[in-house]
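Enquirer: See my_file31.cif below, with mmCIF, C-alpha atoms.
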data_run
#
loop_
_atom_site.group_PDB
_atom_site.id
_atom_site.type_symbol
_atom_site.label_atom_id
_atom_site.label_comp_id
_atom_site.auth_asym_id
_atom_site.auth_seq_id
_atom_site.Cartn_x
_atom_site.Cartn_y
_atom_site.Cartn_z
ATOM 1 C CA MET A 1 46.591 0.413 -23.216
ATOM 2 C CA ASN A 2 45.963 0.596 -26.914
ATOM 3 C CA PRO A 3 43.256 2.736 -28.531
ATOM 4 C CA SER A 4 40.909 -0.144 -29.149
ATOM 5 C CA ASP A 5 40.620 -0.816 -25.394
ATOM 6 C CA THR A 6 39.619 2.805 -24.781
ATOM 7 C CA THR A 7 36.978 2.506 -27.459
ATOM 8 C CA THR A 8 35.654 -0.619 -25.780
ATOM 9 C CA ILE A 9 35.450 1.158 -22.402
ATOM 10 C CA ILE A 10 33.736 4.217 -23.873
ATOM 11 C CA GLY A 11 31.429 1.926 -25.783
ATOM 12 C CA PHE A 12 30.620 0.167 -22.530
ATOM 13 C CA PHE A 13 29.433 3.404 -20.936
ATOM 14 C CA THR A 14 27.686 4.991 -23.905
ATOM 15 C CA GLY A 15 26.688 2.296 -26.333
ATOM 16 C CA ASP A 16 24.422 -0.706 -26.222
ATOM 17 C CA GLY A 17 26.596 -2.533 -23.706
ATOM 18 C CA PHE A 18 25.829 -0.159 -20.864
ATOM 19 C CA ALA A 19 22.167 0.077 -21.818
ATOM 20 C CA GLY A 20 21.970 -3.701 -21.618
ATOM 21 C CA TYR A 21 23.608 -3.730 -18.180
ATOM 22 C CA ALA A 22 21.323 -0.912 -16.984
ATOM 23 C CA ASP A 23 18.269 -2.918 -18.024
ATOM 24 C CA ALA A 24 19.581 -5.966 -16.188
ATOM 25 C CA ILE A 25 20.261 -3.915 -13.040
ATOM 26 C CA ALA A 26 16.793 -2.349 -13.259
ATOM 27 C CA GLY A 27 15.281 -5.824 -13.534
ATOM 28 C CA ILE A 28 17.208 -7.108 -10.519
ATOM 29 C CA VAL A 29 16.277 -4.078 -8.390
ATOM 30 C CA PHE A 30 12.653 -4.584 -9.390
ATOM 31 C CA LEU A 31 12.754 -8.228 -8.294
ATOM 32 C CA VAL A 32 14.319 -7.222 -4.955
ATOM 33 C CA MET A 33 11.604 -4.612 -4.384
ATOM 34 C CA LEU A 34 8.896 -7.124 -5.348
ATOM 35 C CA ALA A 35 10.298 -9.515 -2.738
ATOM 36 C CA THR A 36 10.459 -6.662 -0.188
ATOM 37 C CA THR A 37 6.796 -5.865 -0.751
ATOM 38 C CA LEU A 38 5.662 -9.467 -0.448
ATOM 39 C CA VAL A 39 7.810 -10.286 2.599
ATOM 40 C CA GLY A 40 6.661 -7.086 4.325
ATOM 41 C CA GLY A 41 3.045 -7.960 3.582
ATOM 42 C CA ILE A 42 3.470 -11.478 4.977
ATOM 43 C CA ILE A 43 5.024 -10.077 8.162
ATOM 44 C CA ALA A 44 2.254 -7.473 8.424
ATOM 45 C CA CYS A 45 -0.582 -10.005 8.277
ATOM 46 C CA THR A 46 0.934 -12.907 10.231
ATOM 47 C CA ALA A 47 3.305 -11.498 12.902
ATOM 48 C CA GLU A 48 2.349 -12.376 16.480
ATOM 49 C CA ARG A 49 3.375 -9.024 17.957
ATOM 50 C CA LEU A 50 1.714 -5.952 16.496
ATOM 51 C CA VAL A 51 4.894 -3.859 16.611
ATOM 52 C CA ARG A 52 6.486 -6.328 14.208
ATOM 53 C CA ALA A 53 3.372 -6.177 12.043
ATOM 54 C CA VAL A 54 3.768 -2.390 11.776
ATOM 55 C CA ALA A 55 7.437 -2.782 10.884
ATOM 56 C CA GLY A 56 6.443 -5.271 8.169
ATOM 57 C CA LEU A 57 3.813 -2.828 6.936
ATOM 58 C CA ALA A 58 6.462 -0.084 6.644
ATOM 59 C CA LEU A 59 8.741 -2.485 4.742
ATOM 60 C CA SER A 60 5.901 -3.368 2.383
ATOM 61 C CA PHE A 61 5.108 0.318 1.801
ATOM 62 C CA ILE A 62 8.757 1.061 0.938
ATOM 63 C CA GLY A 63 8.619 -1.729 -1.664
ATOM 64 C CA VAL A 64 5.378 -0.312 -3.041
ATOM 65 C CA ALA A 65 7.000 3.124 -3.340
ATOM 66 C CA ALA A 66 9.771 1.568 -5.451
ATOM 67 C CA ILE A 67 7.110 -0.136 -7.588
ATOM 68 C CA TYR A 68 5.436 3.241 -8.169
ATOM 69 C CA TYR A 69 8.829 4.477 -9.330
ATOM 70 C CA TYR A 70 8.912 1.675 -11.892
ATOM 71 C CA LEU A 71 5.443 2.779 -13.029
ATOM 72 C CA ASN A 72 6.817 6.149 -14.227
ATOM 73 C CA SER A 73 5.532 8.055 -11.186
ATOM 74 C CA PRO A 74 8.357 9.354 -8.994
ATOM 75 C CA PHE A 75 6.022 11.965 -7.482
ATOM 76 C CA VAL A 76 3.537 9.352 -6.256
ATOM 77 C CA ALA A 77 6.463 7.252 -4.990
ATOM 78 C CA MET A 78 7.614 10.221 -2.904
ATOM 79 C CA MET A 79 4.106 10.817 -1.568
ATOM 80 C CA GLN A 80 3.881 7.113 -0.712
ATOM 81 C CA MET A 81 7.033 7.383 1.395
ATOM 82 C CA LEU A 82 5.833 10.596 3.070
ATOM 83 C CA ILE A 83 2.222 9.651 3.772
ATOM 84 C CA TYR A 84 2.239 5.891 4.258
ATOM 85 C CA VAL A 85 5.693 5.188 5.677
ATOM 86 C CA GLY A 86 6.066 8.518 7.436
ATOM 87 C CA ALA A 87 2.559 9.234 8.703
ATOM 88 C CA VAL A 88 0.295 6.181 8.686
ATOM 89 C CA CYS A 89 2.843 3.708 10.077
ATOM 90 C CA VAL A 90 3.950 6.122 12.793
ATOM 91 C CA THR A 91 0.316 6.792 13.750
ATOM 92 C CA ILE A 92 -0.355 3.065 14.038
ATOM 93 C CA ALA A 93 2.776 2.665 16.156
ATOM 94 C CA PHE A 94 1.497 5.431 18.446
ATOM 95 C CA ALA A 95 -1.849 3.674 18.751
ATOM 96 C CA ILE A 96 -0.133 0.414 19.680
ATOM 97 C CA MET A 97 1.769 2.205 22.441
ATOM 98 C CA LEU A 98 -1.317 4.099 23.688
ATOM 99 C CA ALA A 99 -3.844 1.282 23.555
ATOM 100 C CA ALA A 100 -1.354 -1.458 24.514
ATOM 101 C CA PRO A 101 -3.040 -4.310 22.642
ATOM 102 C CA GLU A 102 -0.022 -6.493 23.506
ATOM 103 C CA ASP A 103 -1.356 -6.768 27.060
ATOM 104 C CA THR A 104 -4.484 -8.601 25.943
ATOM 105 C CA LYS A 105 -4.800 -12.328 26.290
ATOM 106 C CA LYS A 106 -3.711 -13.586 22.889
ATOM 107 C CA ASN A 107 -2.708 -11.952 19.641
ATOM 108 C CA GLY A 108 -2.957 -15.078 17.547
ATOM 109 C CA PRO A 109 -5.824 -16.119 15.314
ATOM 110 C CA SER A 110 -9.275 -16.024 16.870
ATOM 111 C CA GLY A 111 -10.372 -19.629 17.174
ATOM 112 C CA PRO A 112 -8.983 -22.820 15.673
ATOM 113 C CA LEU A 113 -10.845 -22.537 12.363
ATOM 114 C CA SER A 114 -10.139 -18.902 11.525
ATOM 115 C CA GLY A 115 -6.589 -19.561 10.248
ATOM 116 C CA PRO A 116 -7.463 -22.169 7.598
ATOM 117 C CA LEU A 117 -10.733 -20.467 6.666
ATOM 118 C CA GLY A 118 -9.001 -17.110 6.312
ATOM 119 C CA LEU A 119 -6.305 -18.740 4.200
ATOM 120 C CA ILE A 120 -8.943 -20.326 1.941
ATOM 121 C CA THR A 121 -10.819 -17.024 1.583
ATOM 122 C CA ALA A 122 -7.677 -15.048 0.789
ATOM 123 C CA GLY A 123 -6.462 -17.769 -1.591
ATOM 124 C CA LEU A 124 -9.749 -17.822 -3.495
ATOM 125 C CA VAL A 125 -9.821 -14.020 -3.792
ATOM 126 C CA THR A 126 -6.210 -13.935 -4.979
ATOM 127 C CA MET A 127 -6.686 -16.792 -7.469
ATOM 128 C CA GLY A 128 -9.843 -15.205 -8.854
ATOM 129 C CA MET A 129 -8.259 -11.809 -9.350
ATOM 130 C CA THR A 130 -5.084 -13.331 -10.820
ATOM 131 C CA GLY A 131 -7.113 -15.416 -13.248
ATOM 132 C CA LEU A 132 -9.096 -12.371 -14.311
ATOM 133 C CA ALA A 133 -5.918 -10.328 -14.791
ATOM 134 C CA VAL A 134 -4.139 -13.003 -16.837
ATOM 135 C CA ASN A 135 -7.080 -14.023 -19.021
ATOM 136 C CA THR A 136 -8.279 -10.545 -19.966
ATOM 137 C CA THR A 137 -6.860 -8.600 -22.883
ATOM 138 C CA PHE A 138 -6.803 -4.913 -22.039
ATOM 139 C CA SER A 139 -7.045 -2.457 -24.910
ATOM 140 C CA VAL A 140 -4.067 -0.117 -24.885
ATOM 141 C CA LEU A 141 -4.809 3.455 -25.903
ATOM 142 C CA PRO A 142 -2.136 5.774 -27.292
ATOM 143 C CA LYS A 143 -0.572 8.099 -24.706
ATOM 144 C CA GLU A 144 -1.509 11.776 -24.802
ATOM 145 C CA ASN A 145 1.325 12.791 -22.458
ATOM 146 C CA MET A 146 3.904 11.248 -20.129
ATOM 147 C CA GLY A 147 2.222 12.155 -16.844
ATOM 148 C CA GLU A 148 4.743 14.739 -15.665
ATOM 149 C CA VAL A 149 4.480 16.401 -12.252
ATOM 150 C CA LYS A 150 3.681 19.747 -13.873
ATOM 151 C CA LEU A 151 0.669 18.239 -15.635
ATOM 152 C CA ILE A 152 -0.490 16.635 -12.373
ATOM 153 C CA GLY A 153 -0.437 20.066 -10.734
ATOM 154 C CA ILE A 154 -2.348 21.659 -13.594
ATOM 155 C CA GLU A 155 -4.982 18.894 -13.587
ATOM 156 C CA LEU A 156 -5.337 19.044 -9.784
ATOM 157 C CA LEU A 157 -6.082 22.761 -9.855
ATOM 158 C CA THR A 158 -8.305 22.766 -12.967
ATOM 159 C CA SER A 159 -10.234 19.563 -13.787
ATOM 160 C CA TYR A 160 -10.079 18.091 -10.285
ATOM 161 C CA SER A 161 -10.183 21.252 -8.183
ATOM 162 C CA MET A 162 -13.607 20.354 -6.754
ATOM 163 C CA VAL A 163 -12.376 16.916 -5.620
ATOM 164 C CA PHE A 164 -9.221 18.527 -4.272
ATOM 165 C CA GLU A 165 -11.237 20.886 -2.077
ATOM 166 C CA LEU A 166 -13.533 18.065 -0.963
ATOM 167 C CA VAL A 167 -10.549 15.925 0.073
ATOM 168 C CA SER A 168 -9.165 18.890 2.001
ATOM 169 C CA ILE A 169 -12.453 19.226 3.890
ATOM 170 C CA VAL A 170 -12.579 15.472 4.530
ATOM 171 C CA LEU A 171 -9.068 15.583 5.981
ATOM 172 C CA LEU A 172 -9.932 18.594 8.154
ATOM 173 C CA ILE A 173 -13.065 16.905 9.487
ATOM 174 C CA ALA A 174 -11.109 13.686 10.076
ATOM 175 C CA ILE A 175 -8.509 15.555 12.132
ATOM 176 C CA ILE A 176 -11.119 17.403 14.202
ATOM 177 C CA GLY A 177 -13.242 14.254 14.608
ATOM 178 C CA SER A 178 -10.340 12.092 15.734
ATOM 179 C CA LEU A 179 -9.319 14.781 18.240
ATOM 180 C CA VAL A 180 -12.863 14.941 19.615
ATOM 181 C CA ILE A 181 -13.223 11.148 19.849
ATOM 182 C CA ALA A 182 -9.806 10.450 21.340
ATOM 183 C CA ARG A 183 -9.804 13.416 23.713
ATOM 184 C CA HIS A 184 -13.117 12.528 25.369
ATOM 185 C CA GLY A 185 -12.633 11.789 29.056
ATOM 186 C CA ARG A 186 -9.074 13.060 29.160
ATOM 187 C CA SER A 187 -9.766 16.377 30.894
ATOM 188 C CA LYS A 188 -10.226 14.975 34.377
ATOM 189 C CA MET B 12 9.767 -13.272 -21.521
ATOM 190 C CA SER B 13 12.877 -12.830 -19.435
ATOM 191 C CA ILE B 14 12.529 -12.604 -15.656
ATOM 192 C CA LEU B 15 14.537 -9.367 -15.711
ATOM 193 C CA ASN B 16 11.911 -7.784 -17.944
ATOM 194 C CA LEU B 17 9.025 -8.353 -15.519
ATOM 195 C CA HIS B 18 8.634 -4.656 -14.771
ATOM 196 C CA ASN B 19 7.453 -3.980 -18.317
ATOM 197 C CA SER B 20 4.451 -6.270 -18.047
ATOM 198 C CA LEU B 21 1.015 -5.257 -16.782
ATOM 199 C CA ASN B 22 0.283 -8.724 -15.384
ATOM 200 C CA THR B 23 3.165 -8.517 -12.891
ATOM 201 C CA TYR B 24 1.612 -5.540 -11.176
ATOM 202 C CA LEU B 25 -1.926 -6.944 -11.281
ATOM 203 C CA ILE B 26 -0.803 -10.241 -9.719
ATOM 204 C CA LEU B 27 1.221 -8.390 -7.068
ATOM 205 C CA ALA B 28 -1.843 -6.298 -6.220
ATOM 206 C CA ALA B 29 -3.993 -9.445 -6.048
ATOM 207 C CA ILE B 30 -1.519 -11.091 -3.648
ATOM 208 C CA LEU B 31 -1.375 -7.981 -1.428
ATOM 209 C CA PHE B 32 -5.186 -7.850 -1.428
ATOM 210 C CA GLY B 33 -5.297 -11.518 -0.404
ATOM 211 C CA MET B 34 -2.863 -10.843 2.451
ATOM 212 C CA GLY B 35 -5.061 -7.979 3.602
ATOM 213 C CA VAL B 36 -8.173 -10.172 3.520
ATOM 214 C CA TYR B 37 -6.355 -12.920 5.435
ATOM 215 C CA GLY B 38 -5.210 -10.469 8.119
ATOM 216 C CA LEU B 39 -8.665 -8.895 8.350
ATOM 217 C CA VAL B 40 -10.270 -12.316 8.874
ATOM 218 C CA THR B 41 -7.763 -13.769 11.329
ATOM 219 C CA ARG B 42 -6.618 -10.798 13.450
ATOM 220 C CA ARG B 43 -8.321 -10.480 16.811
ATOM 221 C CA THR B 44 -7.324 -6.916 17.726
ATOM 222 C CA LEU B 45 -8.649 -3.729 16.165
ATOM 223 C CA VAL B 46 -5.158 -2.389 15.405
ATOM 224 C CA GLY B 47 -4.237 -5.602 13.578
ATOM 225 C CA MET B 48 -7.358 -5.330 11.441
ATOM 226 C CA LEU B 49 -6.477 -1.701 10.655
ATOM 227 C CA ILE B 50 -2.988 -2.761 9.499
ATOM 228 C CA SER B 51 -4.547 -5.337 7.168
ATOM 229 C CA SER B 52 -6.991 -2.794 5.749
ATOM 230 C CA GLU B 53 -4.027 -0.567 4.830
ATOM 231 C CA LEU B 54 -2.657 -3.475 2.772
ATOM 232 C CA ILE B 55 -5.984 -3.705 0.915
ATOM 233 C CA LEU B 56 -5.938 0.033 0.154
ATOM 234 C CA VAL B 57 -2.378 -0.121 -1.157
ATOM 235 C CA ALA B 58 -3.324 -3.049 -3.416
ATOM 236 C CA ALA B 59 -6.083 -0.934 -4.937
ATOM 237 C CA SER B 60 -3.599 1.897 -5.499
ATOM 238 C CA ILE B 61 -1.167 -0.435 -7.279
ATOM 239 C CA ASN B 62 -3.952 -1.521 -9.635
ATOM 240 C CA PHE B 63 -4.771 2.096 -10.475
ATOM 241 C CA MET B 64 -1.129 2.939 -11.090
ATOM 242 C CA ALA B 65 -0.559 -0.140 -13.265
ATOM 243 C CA PHE B 66 -3.505 0.580 -15.562
ATOM 244 C CA ASN B 67 -2.455 4.219 -15.559
ATOM 245 C CA ARG B 68 1.026 3.299 -16.806
ATOM 246 C CA PHE B 69 0.080 0.668 -19.373
ATOM 247 C CA THR B 70 -3.356 1.384 -20.832
ATOM 248 C CA ALA B 71 -4.709 4.836 -19.923
ATOM 249 C CA PRO B 72 -4.361 7.580 -22.535
ATOM 250 C CA ASP B 73 -3.792 10.313 -19.926
ATOM 251 C CA PRO B 74 -1.330 9.085 -17.248
ATOM 252 C CA THR B 75 -1.999 12.003 -14.892
ATOM 253 C CA VAL B 76 -5.494 10.776 -13.968
ATOM 254 C CA GLY B 77 -4.389 7.574 -12.247
ATOM 255 C CA GLN B 78 -1.703 9.389 -10.296
ATOM 256 C CA ILE B 79 -4.236 11.941 -9.065
ATOM 257 C CA PHE B 80 -6.616 9.128 -8.105
ATOM 258 C CA THR B 81 -3.840 7.416 -6.165
ATOM 259 C CA LEU B 82 -3.072 10.663 -4.345
ATOM 260 C CA PHE B 83 -6.738 10.923 -3.335
ATOM 261 C CA ILE B 84 -6.685 7.303 -2.137
ATOM 262 C CA MET B 85 -3.668 8.191 0.014
ATOM 263 C CA ALA B 86 -5.472 11.181 1.523
ATOM 264 C CA ILE B 87 -8.558 9.086 2.300
ATOM 265 C CA ALA B 88 -6.353 6.321 3.751
ATOM 266 C CA ALA B 89 -4.650 8.833 6.047
ATOM 267 C CA ALA B 90 -8.028 10.151 7.212
ATOM 268 C CA GLU B 91 -9.254 6.583 7.712
ATOM 269 C CA ALA B 92 -6.174 5.667 9.761
ATOM 270 C CA ALA B 93 -6.576 8.744 11.983
ATOM 271 C CA ILE B 94 -10.291 8.110 12.629
ATOM 272 C CA GLY B 95 -9.814 4.361 13.106
ATOM 273 C CA LEU B 96 -7.004 4.830 15.590
ATOM 274 C CA SER B 97 -8.865 7.442 17.610
ATOM 275 C CA ILE B 98 -11.853 5.081 17.787
ATOM 276 C CA THR B 99 -9.468 2.316 18.894
ATOM 277 C CA ILE B 100 -8.115 4.525 21.674
ATOM 278 C CA ALA B 101 -11.643 5.510 22.760
ATOM 279 C CA VAL B 102 -12.648 1.827 22.822
ATOM 280 C CA TYR B 103 -9.567 0.973 24.855
ATOM 281 C CA ARG B 104 -10.389 3.703 27.355
ATOM 282 C CA ASN B 105 -13.915 2.387 27.850
ATOM 283 C CA TYR B 106 -13.286 -1.377 27.730
ATOM 284 C CA LYS B 107 -9.601 -1.613 28.745
ATOM 285 C CA SER B 108 -9.208 -3.941 25.744
ATOM 286 C CA VAL B 109 -9.039 -3.807 21.963
ATOM 287 C CA ASP B 110 -9.844 -7.497 21.542
ATOM 288 C CA THR B 111 -12.760 -7.860 19.145
ATOM 289 C CA GLU B 112 -14.267 -10.647 21.303
ATOM 290 C CA ASP B 113 -14.665 -8.309 24.267
ATOM 291 C CA LEU B 114 -16.690 -5.737 22.326
ATOM 292 C CA VAL B 115 -19.984 -7.633 22.433
ATOM 293 C CA ASP B 116 -22.312 -5.220 24.226
ATOM 294 C CA LEU B 117 -24.604 -5.016 21.193
ATOM 295 C CA ASN B 118 -24.554 -8.793 20.744
ATOM 296 C CA GLY B 119 -28.175 -10.060 20.863
#
Here is the file; what I need is its structure written in the form of C-alpha cells.

Expert:
Amino acid sequence: MNPSDTTTIIGFFTGDGFAGYADAIAGIVFLVMLATTLVGGIIACTAERLVRAVAGLALSFIGVAAIYYYLNSPFVAMMQMLIYVGAVCVTIAFAIMLAAPEDTKKNGPSGPLSGPLGLITAGLVTMGMTGLAVNTTFSVLPKENMGEVKLIGIELLTSYSMVFELVSIVLLIAIIGSLVIARHGRSK
Amino acid sequence: MSILNLHNSLNTYLILAAILFGMGVYGLVTRRTLVGMLISSELILVAASINFMAFNRFTAPDPTVGQIFTLFIMAIAAAEAAIGLSITIAVYRNYKSVDTEDLVDLNG
C-alpha cells in the first residue's frame, strides 16, 4: 500500500467524500422512515382486525419519531417513542382486549357507501392541504437559537410554567376521571 | 432537487402531515367501532404535531416553542386516549358492544 492510498482512505473518512456519503445515507434513511410512517398509517386506518390496526399505529409512530429526529428535535423524538409508542398504543391494546370489539358483528366499513365517501372526503382534505402547503411562500425568520434541550427546560419552567402546571392538572384529572368511569360497576 | 435531499424541504413534512391527516379522516369516517375511531384520531393528532415541528424547524425564530407545543399536544393526546378508552370500556359494560350502530338510545 503506497502513501497515496492511505491519503485517499483518510480523505474518505474526514473530507468531502465521507460527508457526501453521510448525506446520501441520511437521505435514504429518511425515505425509509417516510415509507414506514405512511405504510403504518395505511394499516392503522384500513386493517380489518383492530389488533393489526394498533400494530400499524405503533409502526407509524416510530416513523414519526424518526421524522422528529430529522427536524432537529431528538428530545421530542424520544418523548414520541415513550408516550405514543410506549403508552398510548399499549393502552389501546389493553382496551381492545378488555372491550373485545373483535367479537362484534363486522369490523369493516359501515355501509356500502361509507368507503368511497370516506375516501373522497379524505382525498379532498389531503389535496386541499397539500395545495395550500405547496402554493404558499412562508417567510423564514432568522434563528435566535438551535432549540437545545437545556433551552426547552428553561422555557418550560419560566415562560410556559403556567401551561405546564395546567397540563399537569389536566393529566391528573384525566387519570382520576378515567378510573372513576371505568371502575363503575366493578365492585360487585 | 434530489430525492435524497427531501428532508431539507418544508413541503415534504407538510405533505406528509396532510396525508396522515387524510388517513385519520378516512379511518374516522369509515370505522364502525369506537376503538377504531380512537386509533384514527391519534393519527390526526400526530399530523398536527408534525406540522408544528416542521414550521418550528424551518421558519420559526425560536425553535424551542414548537417543541414545547408538541410536548403539550402529546400530554393532551395521552389524557384523551385514557378518557376515551375508559368511556369505551364503560360503554362496553353497559351495551356489551362498542359498535357505533348499537349506541342509538338517544336517536330521535

Enquirer: What is the distance between CA of Pro74 (chain B) and CA of Gly153 (chain A), in Å to one decimal?

Expert: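 Separating CA of Pro74 (chain B) from CA of Gly153 (chain A) is a distance of 12.8 Å.
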
Enquirer: Which of these, B:Ala90, B:Ala59, B:Leu49, B:Ile79, has the shortest distance to Ala53 (chain A) once you count only C-alpha atoms?

Expert: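 Ranked by minimum distance to Ala53 (chain A), first place goes to B:Leu49.
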
Enquirer: Could you list, as a PyMOL selection string, every residue within 8 Å of region 87-89 of chain B, counting all atoms listed in the file and ignoring same-chain residues fewer than 4 positions away?

Expert: (chain A and resi 83-84+87-88+167+170-171) or (chain B and resi 53+56+83+93)

Enquirer: Might you pull out every residue within 12 Å of Val29 (chain A), with all atoms listed in the file counted and same-chain residues fewer than 2 positions away left off, and present them as a list of chain:residue names?

Expert: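 Everything that qualifies: A:Ala22, A:Asp23, A:Ala24, A:Ile25, A:Ala26, A:Gly27, A:Leu31, A:Val32, A:Met33, A:Leu34, A:Ala35, A:Thr36, A:Gly63, A:Ala66, A:Ile67, A:Tyr69, A:Tyr70, B:Ile14, B:Leu15, B:Asn16, B:Leu17, B:His18.
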
Enquirer: Residues of chain A no more than 7 Å from chain B, counting only C-alpha atoms: send them over as a compact mmCIF listing (two decimals) with C-alpha atoms, in the frame of the given file.

Expert:
# COMPACT_ATOMS: atom_id res chain seq x y z
CA ALA A 24 19.58 -5.97 -16.19
CA GLY A 27 15.28 -5.82 -13.53
CA ILE A 28 17.21 -7.11 -10.52
CA PHE A 30 12.65 -4.58 -9.39
CA GLY A 41 3.04 -7.96 3.58
CA ILE A 42 3.47 -11.48 4.98
CA CYS A 45 -0.58 -10.01 8.28
CA THR A 46 0.93 -12.91 10.23
CA LEU A 50 1.71 -5.95 16.50
CA TYR A 70 8.91 1.68 -11.89
CA LEU A 71 5.44 2.78 -13.03
CA ASN A 72 6.82 6.15 -14.23
CA VAL A 76 3.54 9.35 -6.26
CA VAL A 88 0.30 6.18 8.69
CA ALA A 95 -1.85 3.67 18.75
CA ALA A 99 -3.84 1.28 23.56
CA PRO A 101 -3.04 -4.31 22.64
CA THR A 104 -4.48 -8.60 25.94
CA ASN A 107 -2.71 -11.95 19.64
CA GLY A 108 -2.96 -15.08 17.55
CA PRO A 109 -5.82 -16.12 15.31
CA SER A 110 -9.28 -16.02 16.87
CA SER A 114 -10.14 -18.90 11.52
CA GLY A 115 -6.59 -19.56 10.25
CA GLY A 118 -9.00 -17.11 6.31
CA LEU A 119 -6.30 -18.74 4.20
CA ALA A 122 -7.68 -15.05 0.79
CA GLY A 123 -6.46 -17.77 -1.59
CA VAL A 125 -9.82 -14.02 -3.79
CA THR A 126 -6.21 -13.94 -4.98
CA MET A 129 -8.26 -11.81 -9.35
CA THR A 130 -5.08 -13.33 -10.82
CA ALA A 133 -5.92 -10.33 -14.79
CA VAL A 134 -4.14 -13.00 -16.84
CA SER A 139 -7.04 -2.46 -24.91
CA VAL A 140 -4.07 -0.12 -24.88
CA LEU A 141 -4.81 3.46 -25.90
CA PRO A 142 -2.14 5.77 -27.29
CA LYS A 143 -0.57 8.10 -24.71
CA GLU A 144 -1.51 11.78 -24.80
CA ASN A 145 1.32 12.79 -22.46
CA MET A 146 3.90 11.25 -20.13
CA GLY A 147 2.22 12.16 -16.84
CA LEU A 151 0.67 18.24 -15.64
CA ILE A 152 -0.49 16.64 -12.37
CA LEU A 171 -9.07 15.58 5.98
CA ALA A 174 -11.11 13.69 10.08
CA SER A 178 -10.34 12.09 15.73
CA ILE A 181 -13.22 11.15 19.85
CA ALA A 182 -9.81 10.45 21.34

Enquirer: For a test of reading the model, state the distance in Å between CA of Ala44 (chain A) and CA of Ala93 (chain A), rounded to one decimal.

Expert: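 Separation between CA of Ala44 (chain A) and CA of Ala93 (chain A): 12.8 Å.
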
Enquirer: As an exercise, work out the distance from CA of Leu157 (chain A) to CA of Gln80 (chain A) in Å and give it to one decimal place.

Expert: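 Calculated distance between CA of Leu157 (chain A) and CA of Gln80 (chain A) is 20.7 Å.
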
Enquirer: Would you fill the gaps in region 21-36 of chain B so it has N, CA and C atoms, then print it as a short mmCIF file (atom, residue, chain, number, x, y, z; two decimals), in the frame of the given file?

Expert:
data_model
loop_
_atom_site.label_atom_id
_atom_site.label_comp_id
_atom_site.auth_asym_id
_atom_site.auth_seq_id
_atom_site.Cartn_x
_atom_site.Cartn_y
_atom_site.Cartn_z
N LEU B 21 2.15 -5.66 -17.62
CA LEU B 21 1.01 -5.26 -16.78
C LEU B 21 0.64 -6.35 -15.80
N ASN B 22 0.75 -7.62 -16.23
CA ASN B 22 0.28 -8.72 -15.38
C ASN B 22 1.06 -8.81 -14.08
N THR B 23 2.37 -8.48 -14.12
CA THR B 23 3.16 -8.52 -12.89
C THR B 23 2.52 -7.68 -11.80
N TYR B 24 2.16 -6.45 -12.17
CA TYR B 24 1.61 -5.54 -11.18
C TYR B 24 0.23 -6.00 -10.72
N LEU B 25 -0.58 -6.51 -11.66
CA LEU B 25 -1.93 -6.94 -11.28
C LEU B 25 -1.85 -8.13 -10.33
N ILE B 26 -0.92 -9.08 -10.60
CA ILE B 26 -0.80 -10.24 -9.72
C ILE B 26 -0.27 -9.82 -8.36
N LEU B 27 0.70 -8.89 -8.35
CA LEU B 27 1.22 -8.39 -7.07
C LEU B 27 0.10 -7.75 -6.26
N ALA B 28 -0.74 -6.94 -6.93
CA ALA B 28 -1.84 -6.30 -6.22
C ALA B 28 -2.82 -7.34 -5.70
N ALA B 29 -3.08 -8.40 -6.50
CA ALA B 29 -3.99 -9.44 -6.05
C ALA B 29 -3.44 -10.14 -4.81
N ILE B 30 -2.12 -10.40 -4.81
CA ILE B 30 -1.52 -11.09 -3.65
C ILE B 30 -1.59 -10.20 -2.41
N LEU B 31 -1.29 -8.90 -2.58
CA LEU B 31 -1.38 -7.98 -1.43
C LEU B 31 -2.81 -7.90 -0.91
N PHE B 32 -3.77 -7.88 -1.83
CA PHE B 32 -5.19 -7.85 -1.43
C PHE B 32 -5.53 -9.11 -0.64
N GLY B 33 -5.03 -10.27 -1.12
CA GLY B 33 -5.30 -11.52 -0.40
C GLY B 33 -4.70 -11.50 0.98
N MET B 34 -3.47 -10.95 1.12
CA MET B 34 -2.86 -10.84 2.45
C MET B 34 -3.72 -9.96 3.36
N GLY B 35 -4.21 -8.86 2.80
CA GLY B 35 -5.06 -7.98 3.60
C GLY B 35 -6.32 -8.67 4.06
N VAL B 36 -6.95 -9.45 3.15
CA VAL B 36 -8.17 -10.17 3.52
C VAL B 36 -7.86 -11.20 4.59
#
